[in-house]
Structure formats: C-alpha cells, structure tokens
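Listing of entry_0.cif, mmCIF, C-alpha atoms and all ligand atoms
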data_model
loop_
_atom_site.label_atom_id
_atom_site.label_comp_id
_atom_site.auth_asym_id
_atom_site.auth_seq_id
_atom_site.Cartn_x
_atom_site.Cartn_y
_atom_site.Cartn_z
CA MET J 1 63.40 5.22 -35.93
CA HIS J 2 64.72 7.43 -33.16
CA ALA J 3 66.99 5.34 -30.96
CA PHE J 4 65.12 6.22 -27.80
CA LEU J 5 61.74 5.21 -29.25
CA ALA J 6 63.26 2.02 -30.61
CA ALA J 7 64.55 1.25 -27.14
CA LEU J 8 61.08 1.81 -25.75
CA VAL J 9 59.53 -0.51 -28.31
CA VAL J 10 62.03 -3.19 -27.41
CA VAL J 11 61.75 -2.66 -23.69
CA ALA J 12 57.97 -2.33 -23.43
CA PRO J 13 57.01 -6.00 -23.82
CA ALA J 14 59.77 -7.00 -21.42
CA VAL J 15 58.20 -5.07 -18.52
CA PRO J 16 56.74 -7.80 -16.35
CA ALA J 17 53.05 -7.46 -15.69
CA ALA J 18 52.39 -6.32 -12.13
CA PRO J 19 51.34 -9.31 -10.05
CA ALA J 20 47.58 -9.32 -9.60
CA ALA J 21 46.73 -7.67 -6.28
CA PRO J 22 45.00 -10.08 -3.90
CA ALA J 23 41.23 -9.53 -4.03
CA PRO J 24 40.16 -7.28 -1.13
CA PRO J 25 37.89 -8.99 1.38
CA ALA J 26 34.24 -8.63 0.26
CA SER J 27 32.54 -5.73 2.07
CA PRO J 28 29.30 -6.51 3.96
CA GLU J 29 27.54 -4.39 1.32
CA ALA J 30 28.93 -6.47 -1.53
CA GLU J 31 27.90 -9.61 0.34
CA GLU J 32 24.38 -8.25 0.76
CA GLN J 33 24.21 -7.40 -2.93
CA ALA J 34 25.39 -10.90 -3.76
CA ALA J 35 22.77 -12.41 -1.43
CA ALA J 36 20.06 -10.26 -3.01
CA ALA J 37 21.21 -11.18 -6.50
CA ALA J 38 21.28 -14.87 -5.55
CA ALA J 39 17.76 -14.59 -4.15
CA ALA J 40 16.61 -12.88 -7.34
CA ALA J 41 18.25 -15.60 -9.42
CA ARG J 42 16.45 -18.26 -7.39
CA VAL J 43 13.11 -16.54 -8.03
CA GLU J 44 13.84 -16.28 -11.77
CA GLU J 45 14.90 -19.93 -11.89
CA ALA J 46 11.77 -21.10 -10.09
CA ALA J 47 9.62 -18.98 -12.40
CA ALA J 48 11.29 -20.57 -15.44
CA LYS J 49 10.83 -24.07 -14.00
CA ALA J 50 7.18 -23.37 -13.20
CA ALA J 51 6.58 -22.10 -16.72
CA ALA J 52 8.31 -25.17 -18.21
CA ALA J 53 6.30 -27.54 -16.01
CA ALA J 54 3.04 -25.85 -16.95
CA LYS J 55 3.96 -26.01 -20.65
CA ALA J 56 4.93 -29.70 -20.48
CA ALA J 57 1.67 -30.49 -18.73
CA GLY J 58 -0.25 -28.45 -21.30
CA ASP J 59 1.50 -30.30 -24.16
CA ALA J 60 0.64 -33.64 -22.61
CA ALA J 61 -2.99 -32.55 -22.39
CA SER J 62 -3.20 -31.40 -25.98
CA GLY J 63 -1.40 -34.55 -27.19
CA ALA J 64 -3.96 -36.63 -25.37
CA ALA J 65 -6.74 -34.48 -26.79
CA ALA J 66 -5.49 -35.18 -30.32
CA GLY J 67 -5.57 -38.89 -29.55
CA ALA J 68 -9.11 -38.49 -28.29
CA ALA J 69 -10.27 -37.57 -31.75
CA ALA J 70 -9.26 -41.09 -32.87
CA SER J 71 -11.02 -43.09 -30.21
CA SER J 72 -13.73 -42.27 -27.71
CA SER J 73 -12.02 -44.21 -24.91
CA ALA J 74 -9.07 -41.84 -25.32
CA ALA J 75 -11.42 -38.96 -24.44
CA SER J 76 -11.40 -39.92 -20.78
CA ALA J 77 -7.61 -40.18 -20.92
CA ALA J 78 -7.56 -36.65 -22.33
CA SER J 79 -9.68 -35.24 -19.55
CA GLN J 80 -7.59 -37.07 -16.96
CA SER J 81 -4.45 -35.69 -18.46
CA SER J 82 -5.77 -32.13 -18.57
CA ALA J 83 -6.66 -32.47 -14.90
CA LEU J 84 -3.05 -33.51 -14.36
CA ALA J 85 -1.94 -30.44 -16.30
CA GLY J 86 -3.99 -28.27 -13.96
CA GLU J 87 -2.47 -29.94 -10.93
CA ALA J 88 1.05 -29.53 -12.29
CA ALA J 89 0.44 -25.84 -12.95
CA GLU J 90 -0.94 -25.39 -9.43
CA ALA J 91 2.02 -27.18 -7.89
CA ALA J 92 4.40 -25.05 -9.96
CA ALA J 93 2.65 -21.86 -8.83
CA ALA J 94 2.81 -22.99 -5.20
CA ALA J 95 6.53 -23.77 -5.56
CA LEU J 96 7.10 -20.32 -7.04
CA ALA J 97 5.21 -18.68 -4.16
CA THR J 98 7.35 -20.59 -1.65
CA VAL J 99 10.59 -19.51 -3.32
CA ARG J 100 9.34 -15.89 -3.48
CA GLY J 101 8.42 -16.02 0.19
CA ALA J 102 11.89 -17.31 1.09
CA ALA J 103 13.55 -14.64 -1.07
CA GLY J 104 11.38 -11.95 0.57
CA ALA J 105 12.17 -13.17 4.08
CA GLU J 106 15.91 -13.35 3.35
CA ALA J 107 16.04 -9.88 1.75
CA PHE J 108 14.02 -8.46 4.66
CA ARG J 109 16.46 -9.93 7.18
CA VAL J 110 19.43 -8.41 5.37
CA HIS J 111 18.09 -5.00 4.28
CA CYS J 112 15.11 -4.09 6.42
CA ALA J 113 15.57 -5.77 9.81
CA PRO J 114 18.27 -3.29 10.98
CA CYS J 115 15.47 -0.71 11.32
CA HIS J 116 12.21 -2.68 11.21
CA GLY J 117 13.42 -5.59 13.37
CA ARG J 118 13.73 -9.30 12.57
CA ALA J 119 9.99 -9.85 12.98
CA GLY J 120 9.07 -6.46 11.45
CA LYS J 121 7.91 -4.97 14.75
CA GLY J 122 9.83 -1.72 14.25
CA ASP J 123 12.45 -2.63 16.87
CA GLY J 124 15.65 -3.23 14.92
CA PRO J 125 19.03 -2.28 16.42
CA ALA J 126 19.01 1.09 14.58
CA ALA J 127 15.40 1.90 15.58
CA ARG J 128 16.21 3.92 18.67
CA TRP J 129 18.01 6.53 16.58
CA LEU J 130 15.17 7.07 14.13
CA ASP J 131 12.65 9.91 14.12
CA PRO J 132 10.01 9.18 12.96
CA PRO J 133 10.46 5.61 14.25
CA ALA J 134 10.68 2.66 11.86
CA ARG J 135 7.20 1.32 11.38
CA ASP J 136 5.82 -1.77 13.12
CA LEU J 137 4.85 -3.63 9.96
CA THR J 138 3.00 -6.36 11.87
CA ALA J 139 0.26 -3.82 12.69
CA GLY J 140 -1.01 -4.29 9.15
CA GLU J 141 -1.70 -0.55 8.89
CA LEU J 142 0.02 1.06 5.98
CA ARG J 143 -0.10 4.81 5.38
CA TRP J 144 0.50 5.09 1.67
CA ARG J 145 -2.20 3.16 -0.05
CA SER J 146 -4.43 3.56 -3.06
CA THR J 147 -7.24 1.69 -1.25
CA PRO J 148 -9.95 3.05 1.08
CA SER J 149 -9.16 3.64 4.76
CA GLY J 150 -9.20 0.35 6.69
CA ALA J 151 -8.54 -1.81 3.61
CA PRO J 152 -5.21 -3.59 3.08
CA ALA J 153 -2.70 -1.88 0.82
CA THR J 154 -2.11 -3.45 -2.58
CA GLU J 155 1.19 -5.06 -3.49
CA ALA J 156 1.74 -2.18 -5.93
CA ASP J 157 1.29 0.36 -3.08
CA VAL J 158 3.94 -1.33 -0.94
CA LEU J 159 6.24 -1.68 -3.93
CA ARG J 160 5.93 2.06 -4.60
CA THR J 161 7.01 2.86 -1.01
CA ILE J 162 9.89 0.36 -1.23
CA ASP J 163 10.99 1.80 -4.59
CA GLU J 164 10.71 5.49 -3.67
CA GLY J 165 11.35 5.38 0.08
CA VAL J 166 9.75 7.98 2.33
CA PRO J 167 11.32 11.40 1.61
CA GLY J 168 12.30 13.36 4.70
CA THR J 169 12.59 10.20 6.86
CA SER J 170 15.27 7.54 7.20
CA MET J 171 13.29 5.07 5.05
CA PRO J 172 15.48 4.73 1.94
CA GLY J 173 14.30 4.11 -1.62
CA TRP J 174 15.44 0.72 -2.95
CA ARG J 175 14.85 1.05 -6.70
CA ARG J 176 18.54 1.39 -7.50
CA ARG J 177 19.72 -0.84 -4.66
CA LEU J 178 17.83 -4.09 -5.23
CA PRO J 179 16.77 -6.04 -8.34
CA ALA J 180 13.07 -5.85 -9.26
CA ALA J 181 12.38 -9.51 -8.37
CA VAL J 182 13.67 -8.94 -4.83
CA ARG J 183 11.68 -5.70 -4.37
CA GLU J 184 8.52 -7.51 -5.52
CA ALA J 185 9.18 -10.40 -3.14
CA LEU J 186 9.68 -7.84 -0.35
CA ALA J 187 6.36 -6.10 -1.11
CA ARG J 188 4.55 -9.41 -0.78
CA TYR J 189 6.49 -10.23 2.39
CA VAL J 190 5.55 -6.88 3.99
CA LEU J 191 1.85 -7.54 3.30
CA GLU J 192 2.19 -10.96 4.89
CA LEU J 193 3.81 -9.46 8.00
CA GLY J 194 0.51 -7.67 8.61
CA ALA J 195 -1.60 -10.71 7.80
CA ALA J 196 -2.64 -11.21 11.44
CA ASN J 197 -4.75 -8.08 11.04
CA PHE J 198 -5.59 -8.25 7.37
CA ASP J 199 -5.98 -10.85 4.71
CA PRO J 200 -3.45 -9.60 2.14
CA ASP J 201 -5.46 -11.31 -0.60
CA ASP J 202 -8.63 -9.49 0.35
CA VAL J 203 -8.02 -6.84 -2.26
CA GLU J 204 -10.24 -3.77 -2.56
CA PRO J 205 -10.23 -1.73 -5.74
CA PRO J 206 -8.04 1.38 -5.55
CA ILE J 207 -9.68 4.80 -5.28
CA ALA J 208 -9.58 6.49 -8.67
CA VAL J 209 -7.46 9.62 -8.90
CA PRO J 210 -8.63 11.74 -11.83
CA ASP J 211 -6.29 13.97 -13.85
CA PRO J 212 -5.63 17.25 -12.08
CA PRO J 213 -6.96 20.50 -13.56
CA ALA J 214 -4.41 23.26 -14.27
CA SER J 215 -3.75 25.27 -11.11
CA THR J 216 -5.25 28.79 -11.16
CA PRO J 217 -5.25 31.46 -8.42
CA ALA J 218 -9.04 31.04 -8.13
CA LEU J 219 -8.79 27.25 -7.54
CA VAL J 220 -5.95 27.74 -5.04
CA ALA J 221 -8.00 30.37 -3.14
CA GLN J 222 -11.00 28.00 -3.08
CA GLY J 223 -8.70 25.26 -1.70
CA GLY J 224 -7.43 27.66 0.97
CA ARG J 225 -11.01 28.23 2.13
CA ALA J 226 -11.61 24.45 2.29
CA TYR J 227 -8.36 24.04 4.32
CA ALA J 228 -9.69 26.55 6.88
CA ALA J 229 -13.24 25.15 6.91
CA LEU J 230 -12.16 21.51 7.38
CA GLY J 231 -9.91 22.31 10.36
CA CYS J 232 -6.65 21.19 8.76
CA ALA J 233 -4.83 24.05 10.50
CA ALA J 234 -5.52 22.52 13.94
CA CYS J 235 -2.73 20.03 13.22
CA HIS J 236 -0.88 21.38 10.19
CA GLY J 237 -0.85 25.04 11.24
CA PRO J 238 -2.15 28.05 9.32
CA THR J 239 0.52 27.78 6.60
CA GLY J 240 1.08 24.01 6.70
CA ARG J 241 4.37 24.17 8.59
CA GLY J 242 3.23 21.46 11.03
CA ASP J 243 2.80 23.89 13.93
CA GLY J 244 -0.94 23.56 14.63
CA ALA J 245 -2.14 23.71 18.23
CA SER J 246 -2.75 19.95 18.49
CA ALA J 247 0.46 18.95 16.70
CA PRO J 248 2.58 18.34 19.85
CA THR J 249 -0.01 15.96 21.34
CA LEU J 250 -0.43 13.66 18.33
CA LYS J 251 0.37 9.94 18.64
CA ASP J 252 0.06 7.12 16.12
CA SER J 253 -2.13 4.07 16.64
CA ARG J 254 0.69 2.36 18.57
CA GLY J 255 1.07 5.31 20.94
CA ARG J 256 4.29 6.55 19.36
CA PRO J 257 4.84 10.24 18.67
CA VAL J 258 4.31 11.28 15.05
CA ALA J 259 6.56 13.54 13.04
CA MET J 260 4.32 16.27 11.63
CA PRO J 261 5.15 16.80 7.99
CA ASP J 262 6.04 20.31 6.90
CA LEU J 263 3.71 20.83 3.94
CA SER J 264 5.84 23.73 2.69
CA ARG J 265 8.71 21.39 1.83
CA PRO J 266 9.11 20.72 -1.88
CA TYR J 267 8.57 16.96 -1.40
CA ALA J 268 5.99 14.79 0.33
CA ARG J 269 6.13 11.43 2.09
CA ALA J 270 3.24 10.30 -0.06
CA GLY J 271 5.23 10.76 -3.28
CA ASP J 272 5.50 13.30 -6.08
CA GLY J 273 2.90 15.57 -7.57
CA PRO J 274 -0.69 16.64 -6.92
CA GLN J 275 -2.08 13.12 -7.52
CA ALA J 276 -0.25 11.83 -4.43
CA VAL J 277 -1.78 14.66 -2.37
CA TYR J 278 -5.24 13.95 -3.74
CA ARG J 279 -4.78 10.25 -2.98
CA THR J 280 -3.69 11.06 0.60
CA LEU J 281 -6.83 13.12 1.19
CA MET J 282 -9.10 10.41 -0.20
CA THR J 283 -7.51 7.37 1.49
CA GLY J 284 -6.32 8.80 4.81
CA LEU J 285 -3.05 7.61 6.33
CA ASP J 286 -3.99 4.50 8.32
CA GLY J 287 -2.31 4.20 11.68
CA SER J 288 -1.56 7.96 11.83
CA PRO J 289 -3.74 10.69 13.34
CA MET J 290 -4.33 12.10 9.85
CA PRO J 291 -8.05 11.42 9.38
CA GLU J 292 -9.49 10.05 6.20
CA PHE J 293 -11.33 13.04 4.77
CA GLY J 294 -12.53 11.39 1.56
CA GLN J 295 -16.25 11.98 1.43
CA ALA J 296 -16.09 14.86 3.94
CA ILE J 297 -14.48 17.00 1.27
CA LYS J 298 -17.07 18.17 -1.25
CA PRO J 299 -16.19 16.69 -4.65
CA GLY J 300 -15.81 20.21 -6.07
CA ASP J 301 -13.29 21.09 -3.34
CA ARG J 302 -11.00 18.04 -3.72
CA TRP J 303 -8.75 19.26 -6.51
CA PRO J 304 -8.73 22.89 -5.27
CA LEU J 305 -7.58 21.64 -1.84
CA ALA J 306 -4.84 19.46 -3.36
CA LEU J 307 -3.71 22.39 -5.56
CA TYR J 308 -3.73 24.70 -2.52
CA LEU J 309 -1.41 22.26 -0.71
CA MET J 310 0.86 22.15 -3.77
CA SER J 311 0.96 25.98 -3.73
CA LEU J 312 2.31 25.92 -0.15
CA ARG J 313 5.48 24.16 -1.28
CA VAL J 314 8.55 26.35 -1.38
CA GLU J 315 11.73 25.41 -3.27
CA ARG J 316 14.41 25.89 -0.62
CA GLY J 317 17.67 26.26 -2.58
CA PRO J 318 21.15 25.60 -1.11
CA MET J 319 20.59 27.79 1.97
CA GLY J 320 17.12 26.37 2.45
CA TRP J 321 17.82 25.08 5.94
CA LEU J 322 17.72 28.72 7.12
CA LEU J 323 13.97 28.60 6.48
CA ASP J 324 13.40 25.64 8.82
CA PRO J 325 12.60 26.24 12.46
CA LEU J 326 15.66 25.61 14.62
CA GLU J 327 14.11 22.82 16.71
CA GLU J 328 13.55 20.79 13.53
CA GLN J 329 17.29 20.75 12.92
CA ILE J 330 18.25 19.41 16.33
CA PRO J 331 17.96 15.63 16.28
C1 LIG N 1 17.27 3.17 7.95
C2 LIG N 1 16.07 2.61 8.47
C3 LIG N 1 15.13 1.86 7.54
C4 LIG N 1 15.43 0.81 6.71
C5 LIG N 1 16.77 0.16 6.42
C6 LIG N 1 14.19 0.41 6.11
N1 LIG N 1 13.16 1.20 6.56
FE1 LIG N 1 11.20 1.03 6.08
N2 LIG N 1 10.76 2.63 7.22
C7 LIG N 1 11.65 3.31 8.01
C8 LIG N 1 10.97 4.41 8.69
C9 LIG N 1 11.60 5.41 9.64
C10 LIG N 1 9.62 4.35 8.28
C11 LIG N 1 8.47 5.24 8.74
C12 LIG N 1 8.38 6.52 7.93
C13 LIG N 1 7.25 7.38 8.46
O1 LIG N 1 6.52 6.98 9.36
O2 LIG N 1 7.09 8.47 7.91
C14 LIG N 1 9.51 3.21 7.38
C15 LIG N 1 8.34 2.81 6.79
C16 LIG N 1 8.20 1.68 6.01
C17 LIG N 1 6.95 1.19 5.48
C18 LIG N 1 5.57 1.77 5.75
C19 LIG N 1 4.86 2.25 4.50
C20 LIG N 1 3.43 2.66 4.75
O3 LIG N 1 2.71 2.74 3.75
O4 LIG N 1 3.01 2.89 5.88
C21 LIG N 1 7.23 0.05 4.78
C22 LIG N 1 6.27 -0.85 4.04
C23 LIG N 1 8.66 -0.16 4.85
N3 LIG N 1 9.23 0.85 5.61
C24 LIG N 1 9.33 -1.22 4.26
C25 LIG N 1 10.71 -1.38 4.30
C26 LIG N 1 11.40 -2.44 3.61
C27 LIG N 1 10.74 -3.52 2.80
C28 LIG N 1 12.73 -2.26 3.86
C29 LIG N 1 13.89 -3.09 3.35
C30 LIG N 1 14.01 -3.19 1.93
C31 LIG N 1 12.85 -1.10 4.72
N4 LIG N 1 11.61 -0.60 4.96
C32 LIG N 1 14.06 -0.62 5.21
C33 LIG N 1 13.01 3.06 8.13
C34 LIG N 1 13.70 2.09 7.44
C1 LIG N 2 -5.65 15.43 13.76
C2 LIG N 2 -4.56 16.06 13.10
C3 LIG N 2 -4.65 16.27 11.60
C4 LIG N 2 -5.64 16.90 10.89
C5 LIG N 2 -6.91 17.54 11.40
C6 LIG N 2 -5.21 16.88 9.51
N1 LIG N 2 -4.03 16.24 9.38
FE1 LIG N 2 -3.00 15.96 7.67
N2 LIG N 2 -1.61 14.88 8.68
C7 LIG N 2 -1.58 14.70 10.03
C8 LIG N 2 -0.42 13.90 10.39
C9 LIG N 2 0.00 13.48 11.77
C10 LIG N 2 0.23 13.59 9.17
C11 LIG N 2 1.50 12.74 8.99
C12 LIG N 2 1.22 11.28 9.00
C13 LIG N 2 2.47 10.47 8.75
O1 LIG N 2 3.15 10.69 7.74
O2 LIG N 2 2.76 9.61 9.56
C14 LIG N 2 -0.56 14.22 8.12
C15 LIG N 2 -0.23 14.15 6.77
C16 LIG N 2 -0.85 14.89 5.78
C17 LIG N 2 -0.45 14.92 4.40
C18 LIG N 2 0.67 14.09 3.78
C19 LIG N 2 1.97 14.84 3.73
C20 LIG N 2 3.07 14.06 3.05
O3 LIG N 2 4.24 14.39 3.31
O4 LIG N 2 2.80 13.16 2.26
C21 LIG N 2 -1.28 15.80 3.77
C22 LIG N 2 -1.24 16.17 2.29
C23 LIG N 2 -2.21 16.30 4.74
N3 LIG N 2 -1.94 15.72 5.96
C24 LIG N 2 -3.22 17.19 4.47
C25 LIG N 2 -4.23 17.52 5.37
C26 LIG N 2 -5.38 18.32 5.03
C27 LIG N 2 -5.63 18.98 3.69
C28 LIG N 2 -6.17 18.36 6.14
C29 LIG N 2 -7.54 18.99 6.28
C30 LIG N 2 -8.51 18.56 5.30
C31 LIG N 2 -5.48 17.62 7.19
N4 LIG N 2 -4.32 17.10 6.67
C32 LIG N 2 -5.93 17.45 8.47
C33 LIG N 2 -2.47 15.18 10.96
C34 LIG N 2 -3.63 15.86 10.63
#
What does this structure look like when you write it as structure tokens?
Ligand code: HEC
Ligand code: HEC
Amino acid sequence: MHAFLAALVVVAPAVPAAPAAPAPPASPEAEEQAAAAAAAARVEEAAAKAAAAAKAAGDAASGAAAGAAASSSAASAASQSSALAGEAAEAAAAALATVRGAAGAEAFRVHCAPCHGRAGKGDGPAARWLDPPARDLTAGELRWRSTPSGAPATEADVLRTIDEGVPGTSMPGWRRRLPAAVREALARYVLELGAANFDPDDVEPPIAVPDPPASTPALVAQGGRAYAALGCAACHGPTGRGDGASAPTLKDSRGRPVAMPDLSRPYARAGDGPQAVYRTLMTGLDGSPMPEFGQAIKPGDRWPLALYLMSLRVERGPMGWLLDPLEEQIP
C-alpha cells in the first residue's frame, strides 16, 4: 500500500470524534409542534382506551349471554351486563370527547389565538395588522359551508378551511403544519366557539353539488348574461375585479369592512375548482354581504354562471402584480 494511504488508514480511527455540540435551545415553533404532537398523542391514547373499554364491556356481555343459555336466571344477569357494556361505552365516548375538547382548546391557544384571540373573538395581538380581519368565531357565522344559508357549518366544512386556509388572506392552511387528530379537534372546537348562536350538533344535510358540465363558449356567454341580470356587477364590478359601485360601502355582519375578492385571480377563498364556486352561489357566505342566491338563480343558469366566473380567472405569471390595481398593493 502507498505509504501515505497507509498512514491515513492508521491515523483515521485515532481522530477523536468531535464533542457533541450542546443542543440548541428549542425554538418556540418546535415547542408548539411538540405541544401539538403531545395533544395528538393524548387523543390517540384516549381513543385506544375507549375502544379497549368498549371491547371489554362487550366481551363481558357476550360471556354473560353464553351463560344465559345454560340457565334462565342467568338471562337477567346477561341483560344487566349488556346494560353495563352500554354504560361503559358511553363513558368511554364522553372521556374521548373531553380529551378532544382539551386538545382543541390547547391547539387553538397556541396556533390560532395570535390572530383570532384567546376567546376566538377575532381580537388576537396580531389582529390589528390583518386585512381582511381575523374572524370573530364566536359569531357562529361561517362563510365556507356546504349547508344552506343560516345553518351551522359541518365539521368537515371547518376542517376543509383549516386544512386549506383562505387563499389571498392571512389565514394559513394547516394540513402540513398540524397532525390530523389536532386539526379535527380544532374543527370541533371552532364549531363550539359559535355554539351560543348555533347548536353545532344540529346538522343540516349539505347542498348537493352536481358534476360540472364541460365549459363551452355558449355556456360561458349564458353565464355572463345571468351575471348581468342578477346584479352581481353592483358589488363585483363588470369584470369581477371587485370594483362595483357598492363595493366601498360593504360591511360584514359585525360592522367590519370586507375585502372584496378579485374574481379574476386564479384562486378563490372558497377553494379550488368550479364546484367551490357553485357551492358559494348556492350556500351564500354567511356573515358577509354576499347574498345567498341559491334558488334565485334558475337551475339552468347555475352551472353557466359558475363557468362564467371560472372564465374570468387570469393566470398572472411572475410579473402578475403589474395587473393588480395599485391601491390593492398598498397595505
Ligand atoms: C395569521 C392570522 C391567522 C391565524 C394564525 C389563524 N387564522 Fe383563521 N382566519 C384568519 C383570517 C384573516 C380569516 C378571515 C378570512 C376572510 O375573511 O376572508 C380567518 C378565518 C378563519 C375561519 C372562518 C372560516 C369561515 O368559513 O368563515 C376559521 C374557521 C378559522 N379562521 C380558523 C382558524 C384556526 C382553527 C386557526 C388555528 C389553527 C386559525 N384560524 C389561525 C387569520 C388567521
Ligand atoms: C351586495 C354585494 C354583492 C353582490 C350583489 C354579490 N356579491 Fe359575491 N361577494 C360579495 C362579497 C363581499 C364577497 C366576499 C365575502 C368574503 O369572502 O368575506 C363575495 C364573494 C363572492 C364569491 C367568492 C369568491 C371567493 O374568493 O371564493 C363569488 C364566487 C361571488 N361572490 C359571486 C357572486 C355572483 C355570481 C353574484 C351575482 C349572482 C354575486 N357574487 C353578487 C358581495 C356581493
């Protein structure tokens, strides 16, 4: 072997390992993640315990039922024991709900309160910088629902907003930031924040959104006529840029100014695709000045109108900001 290489081979193991660097102090973000993960773990653990309790109770009941076949006096024991099984399952479910509630409240305090406020009233320390403002979630009025106007949102609706965020506003999407169990607990918690105005368990069936037809110039033109006839331009402007005559005067149900959406942007607050637009038209955006059009739009005009709105969207490209009116760019 070459002498130099041999020297290397000999020397290499002798090089002392660098002393382990002291662990850097945990960042607030890492701490939050750890808190969220711990909350998620608690939910999982409670779910497992509840399932085990329900199973044990069920086993006891079926054991007793087997005994019942042997003697008739055992039959009453069996029914007693299956009642016990029911009670155990109920208690387990209640325990799970409590743990979920605690996990939701804790995650809300850490992740949502900076904007939405400790009590969810939209008055967190960061709120004064936000436009549109962080929502007062105690109002019990949620914009992005699948349910009819005036009905509570479903847990799935709230979860969708938490997962995706609200594009074009400061409301972030949390899908990649928080584990699923925590996001689900948060969705439930948000519904409960509005419970003074709504019973979150008073569920109404979602409005069905059929599959969209393929967009054609004729359907888009028909939708354009409906847009003019229904007076959408009064608020949204003739080309959907949010510059209608009444736009500057609009306030939400809490008297706060609303940020008019620019319908020519390639994304929507309501979510992706024509189905989200169709849903918006049918459900209205509760708490905002955007009326619920639903039945006012002739069934034959609903898809054409949604497709017309999709046709207004313009991909902006890297210099896209040049297309936006200047006042929109000044915070
Ligand atoms: C950086 C600030 C910010 C943070 C953090 C934040 N939000 Fe929001 N959130 C907003 C803003 C702003 C809006 C209103 C958007 C609008 O009106 O277009 C909003 C709206 C919402 C809505 C209303 C949806 C609807 O259908 O009307 C819900 C629910 C919500 N946030 C839940 C949460 C939850 C849960 C968290 C924590 C995981 C959270 N937000 C964290 C800023 C924030
Ligand atoms: C009285 C004023 C007003 C009228 C009339 C009105 N809108 Fe709206 N619309 C709004 C406001 C305000 C918002 C934003 C609400 C929010 O996000 O807080 C909105 C939101 C929307 C959105 C959701 C955009 C997104 O980013 O998800 C769509 C789609 C829409 N309007 C379509 C229409 C159509 C179509 C008509 C006519 C049939 C119409 N609007 C009539 C005020 C109005």
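Of note, CA of Pro179 (chain J) and atom C27 of ligand LIG 1 (chain N) are spaced 12.9 Å apart.
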- Message: Around the point (-8.6, 11.2, -3.4) (coordinates from the file), which residues reach within 9 Å if we count only C-alpha atoms? Answer as a PyMOL selection string.
- Response: chain J and resi 146+207-210+275-284+293-294+302-303
- Task: Pick out the residues no farther than 6 Å from ligand LIG 1 (chain N), counting all atoms listed in the file, and list them as a PyMOL selection string.
- Result: chain J and resi 108+111-112+114-115+130+132-135+142-144+158+161-162+166+169-171+186
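Closest approach to Pro152 (chain J) among J:Ala233, J:Val203, J:Ala83, J:Ala228: J:Val203, based on only C-alpha atoms.
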- May I ask you to write as an MDAnalysis selection string all residues lying at most 6 Å from ligand LIG 2 (chain N), with all atoms listed in the file counted? chainID J and resid 227 230:232 234:235 258 260:261 268:270 277 280 288:290
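Counting all atoms listed in the file and comparing J:Thr249, J:Ala229, J:Gly240, J:Asp272, the residue that lies closest to Asp301 (chain J) is J:Ala229.
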- Shell around Val190 (chain J) at 9 Å using all atoms listed in the file, local window under 3 positions removed, as a list in words: Gly104, Phe108, Gly120, Leu137, Thr138, Gly140, Glu155, Val158, Ala185, Leu186, Ala187, Leu193, Gly194 and Ala195 of chain J
- Message: So, with only C-alpha atoms as the atoms that count, which of J:Leu250, J:Ala107, J:Gly165, J:Ser311 lies closest to Gly271 (chain J)?
- Response: J:Gly165
- Record the distance separating CA of Leu307 (chain J) and CA of Thr216 (chain J), expressed in Å with one decimal. 8.6 Å
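Distance annotation: of J:Pro238, J:Pro212, J:Gly122, J:Gly168, the residue with the minimal separation from Ala139 (chain J) is J:Gly122; atom set is all atoms listed in the file.
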- Task: Take CA of Pro172 (chain J) and CA of Ala153 (chain J) and report the distance between them in Å, one decimal.
- Result: 19.4 Å
